[in-house]
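Okay, target-v2.pdb now, which holds PDB, C-alpha atoms:
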MODEL        1
ATOM      1  CA  GLN A   6      -3.163  18.275   1.322  1.00  0.00           C
ATOM      2  CA  VAL A   7      -4.136  14.657   0.936  1.00  0.00           C
ATOM      3  CA  GLN A   8      -5.291  12.641   3.919  1.00  0.00           C
ATOM      4  CA  LEU A   9      -4.724   8.892   4.075  1.00  0.00           C
ATOM      5  CA  VAL A  10      -6.010   6.575   6.805  1.00  0.00           C
ATOM      6  CA  GLU A  11      -5.116   2.886   6.804  1.00  0.00           C
ATOM      7  CA  SER A  12      -7.056   0.112   8.522  1.00  0.00           C
ATOM      8  CA  GLY A  13      -7.516  -3.627   8.380  1.00  0.00           C
ATOM      9  CA  GLY A  14      -4.280  -4.842   9.883  1.00  0.00           C
ATOM     10  CA  GLY A  15      -4.161  -7.418  12.618  1.00  0.00           C
ATOM     11  CA  SER A  16      -2.639 -10.632  13.908  1.00  0.00           C
ATOM     12  CA  VAL A  17      -3.098 -13.746  11.802  1.00  0.00           C
ATOM     13  CA  GLN A  18      -1.556 -17.179  11.524  1.00  0.00           C
ATOM     14  CA  THR A  19       0.601 -18.363   8.664  1.00  0.00           C
ATOM     15  CA  GLY A  20      -1.532 -18.930   5.594  1.00  0.00           C
ATOM     16  CA  GLY A  21      -4.154 -16.406   6.606  1.00  0.00           C
ATOM     17  CA  SER A  22      -5.487 -13.468   4.642  1.00  0.00           C
ATOM     18  CA  LEU A  23      -6.242  -9.828   5.278  1.00  0.00           C
ATOM     19  CA  ARG A  24      -7.703  -6.929   3.372  1.00  0.00           C
ATOM     20  CA  LEU A  25      -6.002  -3.642   4.138  1.00  0.00           C
ATOM     21  CA  SER A  26      -7.874  -0.432   3.400  1.00  0.00           C
ATOM     22  CA  CYS A  27      -6.698   3.123   2.892  1.00  0.00           C
ATOM     23  CA  ALA A  28      -9.350   5.826   2.892  1.00  0.00           C
ATOM     24  CA  TYR A  29      -8.173   8.894   1.021  1.00  0.00           C
ATOM     25  CA  SER A  30      -9.519  12.440   0.890  1.00  0.00           C
ATOM     26  CA  GLY A  31      -8.522  16.022   0.266  1.00  0.00           C
ATOM     27  CA  GLU A  32      -6.629  17.334  -2.739  1.00  0.00           C
ATOM     28  CA  THR A  33      -6.297  13.977  -4.458  1.00  0.00           C
ATOM     29  CA  TRP A  34      -6.281  15.710  -7.840  1.00  0.00           C
ATOM     30  CA  LYS A  35      -2.653  16.528  -7.033  1.00  0.00           C
ATOM     31  CA  THR A  36      -1.739  12.831  -7.304  1.00  0.00           C
ATOM     32  CA  ASN A  37      -1.716  10.246 -10.064  1.00  0.00           C
ATOM     33  CA  CYS A  38      -0.317   7.254  -8.232  1.00  0.00           C
ATOM     34  CA  MET A  39      -1.098   5.421  -5.015  1.00  0.00           C
ATOM     35  CA  GLY A  40       0.771   2.587  -3.433  1.00  0.00           C
ATOM     36  CA  TRP A  41       1.247   0.257  -0.506  1.00  0.00           C
ATOM     37  CA  PHE A  42       4.525   0.003   1.351  1.00  0.00           C
ATOM     38  CA  ARG A  43       5.738  -2.009   4.287  1.00  0.00           C
ATOM     39  CA  GLN A  44       8.503  -1.699   6.808  1.00  0.00           C
ATOM     40  CA  ALA A  45       9.596  -4.426   9.167  1.00  0.00           C
ATOM     41  CA  PRO A  46      11.671  -3.674  12.281  1.00  0.00           C
ATOM     42  CA  GLY A  47      15.292  -3.124  11.337  1.00  0.00           C
ATOM     43  CA  LYS A  48      14.559  -3.186   7.619  1.00  0.00           C
ATOM     44  CA  GLU A  49      14.145  -0.549   4.966  1.00  0.00           C
ATOM     45  CA  ARG A  50      10.735   0.428   3.745  1.00  0.00           C
ATOM     46  CA  GLU A  51       9.737  -1.285   0.513  1.00  0.00           C
ATOM     47  CA  ALA A  52       7.018  -0.619  -2.010  1.00  0.00           C
ATOM     48  CA  VAL A  53       4.864  -3.706  -2.542  1.00  0.00           C
ATOM     49  CA  ALA A  54       2.215  -2.511  -4.990  1.00  0.00           C
ATOM     50  CA  VAL A  55       1.202   0.617  -6.881  1.00  0.00           C
ATOM     51  CA  ILE A  56      -1.783   1.676  -8.969  1.00  0.00           C
ATOM     52  CA  ASP A  57      -2.305   4.712 -11.169  1.00  0.00           C
ATOM     53  CA  ASN A  58      -5.428   6.775 -11.747  1.00  0.00           C
ATOM     54  CA  GLY A  59      -6.290   4.641 -14.761  1.00  0.00           C
ATOM     55  CA  GLY A  60      -6.273   1.480 -12.672  1.00  0.00           C
ATOM     56  CA  PHE A  61      -3.026   0.081 -14.028  1.00  0.00           C
ATOM     57  CA  ALA A  62      -1.341  -1.836 -11.203  1.00  0.00           C
ATOM     58  CA  SER A  63       2.125  -3.197 -10.557  1.00  0.00           C
ATOM     59  CA  THR A  64       3.169  -5.537  -7.757  1.00  0.00           C
ATOM     60  CA  ALA A  65       6.632  -6.311  -6.424  1.00  0.00           C
ATOM     61  CA  GLU A  66       7.988  -9.631  -7.628  1.00  0.00           C
ATOM     62  CA  SER A  67       8.525 -10.861  -4.077  1.00  0.00           C
ATOM     63  CA  VAL A  68       4.782 -10.765  -3.320  1.00  0.00           C
ATOM     64  CA  LYS A  69       3.245 -10.853  -6.776  1.00  0.00           C
ATOM     65  CA  GLU A  70       1.483 -14.183  -6.316  1.00  0.00           C
ATOM     66  CA  ARG A  71      -0.046 -13.231  -2.985  1.00  0.00           C
ATOM     67  CA  PHE A  72      -0.749  -9.479  -2.882  1.00  0.00           C
ATOM     68  CA  THR A  73      -3.319  -7.618  -4.973  1.00  0.00           C
ATOM     69  CA  ILE A  74      -3.836  -3.872  -5.051  1.00  0.00           C
ATOM     70  CA  SER A  75      -7.124  -2.297  -6.111  1.00  0.00           C
ATOM     71  CA  LYS A  76      -8.948   0.975  -5.799  1.00  0.00           C
ATOM     72  CA  ASP A  77     -12.594   1.950  -5.456  1.00  0.00           C
ATOM     73  CA  SER A  78     -12.708   5.499  -6.782  1.00  0.00           C
ATOM     74  CA  ARG A  79     -16.371   5.930  -5.871  1.00  0.00           C
ATOM     75  CA  LYS A  80     -15.680   5.187  -2.222  1.00  0.00           C
ATOM     76  CA  ASN A  81     -12.185   6.733  -2.241  1.00  0.00           C
ATOM     77  CA  ILE A  82     -10.600   3.603  -0.795  1.00  0.00           C
ATOM     78  CA  LEU A  83      -7.382   1.884  -1.772  1.00  0.00           C
ATOM     79  CA  TYR A  84      -7.133  -1.820  -0.946  1.00  0.00           C
ATOM     80  CA  LEU A  85      -4.404  -4.381  -0.545  1.00  0.00           C
ATOM     81  CA  HIS A  86      -5.521  -7.989  -0.451  1.00  0.00           C
ATOM     82  CA  VAL A  87      -2.851 -10.139   1.143  1.00  0.00           C
ATOM     83  CA  ASP A  88      -3.146 -13.913   0.930  1.00  0.00           C
ATOM     84  CA  SER A  89      -1.083 -16.876   2.115  1.00  0.00           C
ATOM     85  CA  LEU A  90       0.605 -14.723   4.718  1.00  0.00           C
ATOM     86  CA  LYS A  91       4.020 -15.687   6.024  1.00  0.00           C
ATOM     87  CA  PRO A  92       5.844 -14.605   9.190  1.00  0.00           C
ATOM     88  CA  GLU A  93       8.196 -12.534   7.012  1.00  0.00           C
ATOM     89  CA  ASP A  94       5.207 -10.422   5.949  1.00  0.00           C
ATOM     90  CA  THR A  95       5.068  -9.032   9.481  1.00  0.00           C
ATOM     91  CA  ALA A  96       5.492  -5.269   9.151  1.00  0.00           C
ATOM     92  CA  MET A  97       3.819  -1.906   9.391  1.00  0.00           C
ATOM     93  CA  TYR A  98       1.932  -1.324   6.163  1.00  0.00           C
ATOM     94  CA  TYR A  99       1.520   2.195   4.812  1.00  0.00           C
ATOM     95  CA  CYS A 100      -0.326   3.704   1.911  1.00  0.00           C
ATOM     96  CA  ALA A 101       0.968   6.723   0.046  1.00  0.00           C
ATOM     97  CA  ALA A 102      -0.019   8.984  -2.810  1.00  0.00           C
ATOM     98  CA  ALA A 103       2.078  11.114  -5.130  1.00  0.00           C
ATOM     99  CA  PHE A 104       2.407  12.653  -8.553  1.00  0.00           C
ATOM    100  CA  VAL A 105       5.150  10.510 -10.080  1.00  0.00           C
ATOM    101  CA  ARG A 106       5.788   7.967 -12.782  1.00  0.00           C
ATOM    102  CA  CYS A 107       3.721   5.191 -11.304  1.00  0.00           C
ATOM    103  CA  THR A 108       6.117   2.262 -10.998  1.00  0.00           C
ATOM    104  CA  ILE A 109       7.390   0.178  -8.107  1.00  0.00           C
ATOM    105  CA  THR A 110      10.881   1.574  -8.687  1.00  0.00           C
ATOM    106  CA  THR A 111       9.823   5.220  -8.668  1.00  0.00           C
ATOM    107  CA  MET A 112       7.522   4.861  -5.701  1.00  0.00           C
ATOM    108  CA  SER A 113      10.249   3.019  -3.801  1.00  0.00           C
ATOM    109  CA  GLY A 114      12.136   6.296  -3.665  1.00  0.00           C
ATOM    110  CA  LEU A 115       9.160   8.282  -2.448  1.00  0.00           C
ATOM    111  CA  GLY A 116       9.913  10.342   0.587  1.00  0.00           C
ATOM    112  CA  ARG A 117       8.549  13.611   1.819  1.00  0.00           C
ATOM    113  CA  SER A 118       7.389  14.528  -1.660  1.00  0.00           C
ATOM    114  CA  GLY A 119       4.487  12.128  -1.192  1.00  0.00           C
ATOM    115  CA  TYR A 120       1.519  11.949   1.124  1.00  0.00           C
ATOM    116  CA  TRP A 121       1.573   9.205   3.732  1.00  0.00           C
ATOM    117  CA  GLY A 122      -0.803   7.534   6.119  1.00  0.00           C
ATOM    118  CA  GLN A 123       0.037   6.488   9.664  1.00  0.00           C
ATOM    119  CA  GLY A 124       0.179   2.782   8.904  1.00  0.00           C
ATOM    120  CA  THR A 125      -1.539  -0.396  10.023  1.00  0.00           C
ATOM    121  CA  GLN A 126       0.317  -3.272  11.673  1.00  0.00           C
ATOM    122  CA  VAL A 127       0.259  -6.770  10.243  1.00  0.00           C
ATOM    123  CA  THR A 128       1.633  -9.560  12.429  1.00  0.00           C
ATOM    124  CA  VAL A 129       1.856 -13.122  11.148  1.00  0.00           C
ATOM    125  CA  SER A 130       2.569 -15.924  13.598  1.00  0.00           C
ATOM    126  CA  SER A 131       3.868 -19.353  12.701  1.00  0.00           C
TER     127      SER A 131
ENDMDL
END
Entire entry expressed as structure tokens:
Amino acid sequence: QVQLVESGGGSVQTGGSLRLSCAYSGETWKTNCMGWFRQAPGKEREAVAVIDNGGFASTAESVKERFTISKDSRKNILYLHVDSLKPEDTAMYYCAAAFVRCTITTMSGLGRSGYWGQGTQVTVSS
């Protein structure tokens, strides 16, 4: 099993920034790809950024200019830096890990075959 624990969410005003963290542990050798997802109330979950074991990252076009994914393999932490936040960024943010072709498209279809954290809430007020 792989354990994932997110943190760093909170309430911020429009234009603010946050750094989300995802501490991972366990049988991580079973995975080659990690990613951040978000789900707003009444909306489908979407993948926003992914990164493979080699450090190659991809970010969804809708947030590409504002979100940055990174990973510290020594500390076993996955990060998502979110800048210039907008009210429409309000959502529960999750990290996940899997053994898949590491693209936004592939990870977007990730379900029970992946490992998931419990999420951290981001709320952006205008």
For the point (-2.4, 16.0, -7.2) in the file's frame, write as a PyMOL selection string all residues with an atom no more than 12 Å away, counting only C-alpha atoms. chain A and resi 6-8+30-39+57-58+102-105+118-120
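Each of A:Ile109, A:Ala28, A:Met97, A:Val87 was compared to A:Glu66 using only C-alpha atoms, and A:Ile109 turns out to be the nearest.
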Residue IDs satisfying the PyMOL selection byres ((chain A and resi 98) around 10), as a ChimeraX atom specification: /A:11-14,25,41-45,50-53,85,94-97,99-100,122-127
With only C-alpha atoms as the atoms that count, which of A:Glu49, A:Tyr29, A:Ala62, A:Thr111 lies nearest to A:Ile82?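 Of A:Glu49, A:Tyr29, A:Ala62, A:Thr111, the one nearest A:Ile82, counting only C-alpha atoms, is A:Tyr29.
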Enclose the full set of atoms of stretch 38-45 of chain A listed in the file within a box whose edges lie along x, y and z, apply 5 Å of padding to each of the six sides, and report centre and edge lengths in Å to one decimal as JSON.
{"center_x": 4.2, "center_y": 1.4, "center_z": 0.5, "size_x": 20.7, "size_y": 21.7, "size_z": 27.4}
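The two atoms in question, atom CA of A:Gly15 and atom CA of A:Cys107, are spaced 28.2 Å apart.
One finds atom CA of A:Lys91 at 15.6 Å from atom CA of A:Pro46.
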Result set of the PyMOL selection byres ((chain A and resi 67-70) around 9) on the coordinates above, as a list in words: Val53, Ala54, Ser63, Thr64, Ala65, Glu66, Arg71, Phe72, Thr73, Val87 and Asp88 of chain A
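Close contacts of A:Ser16, defined as residues with an atom at most 8 Å away when counting all atoms listed in the file, with chain neighbours fewer than 6 positions off set aside, comprise Val127, Thr128, Val129 and Ser130 of chain A.
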Atom CA of A:Arg79 to atom CA of A:Thr108, distance in Å rounded to a single decimal: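 Atom CA of A:Thr108 lies 23.4 Å from atom CA of A:Arg79.
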Ranking A:Asn81, A:Ser75, A:Ser26, A:Ser131 by minimum distance to A:Glu93 and counting all atoms listed in the file, which one comes first?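 Closest candidate: A:Ser131.
Checking A:Arg24, A:Gly59, A:Ala101, A:Ile74 one by one against A:Val10, counting all atoms listed in the file, you find the shortest gap at A:Ala101.
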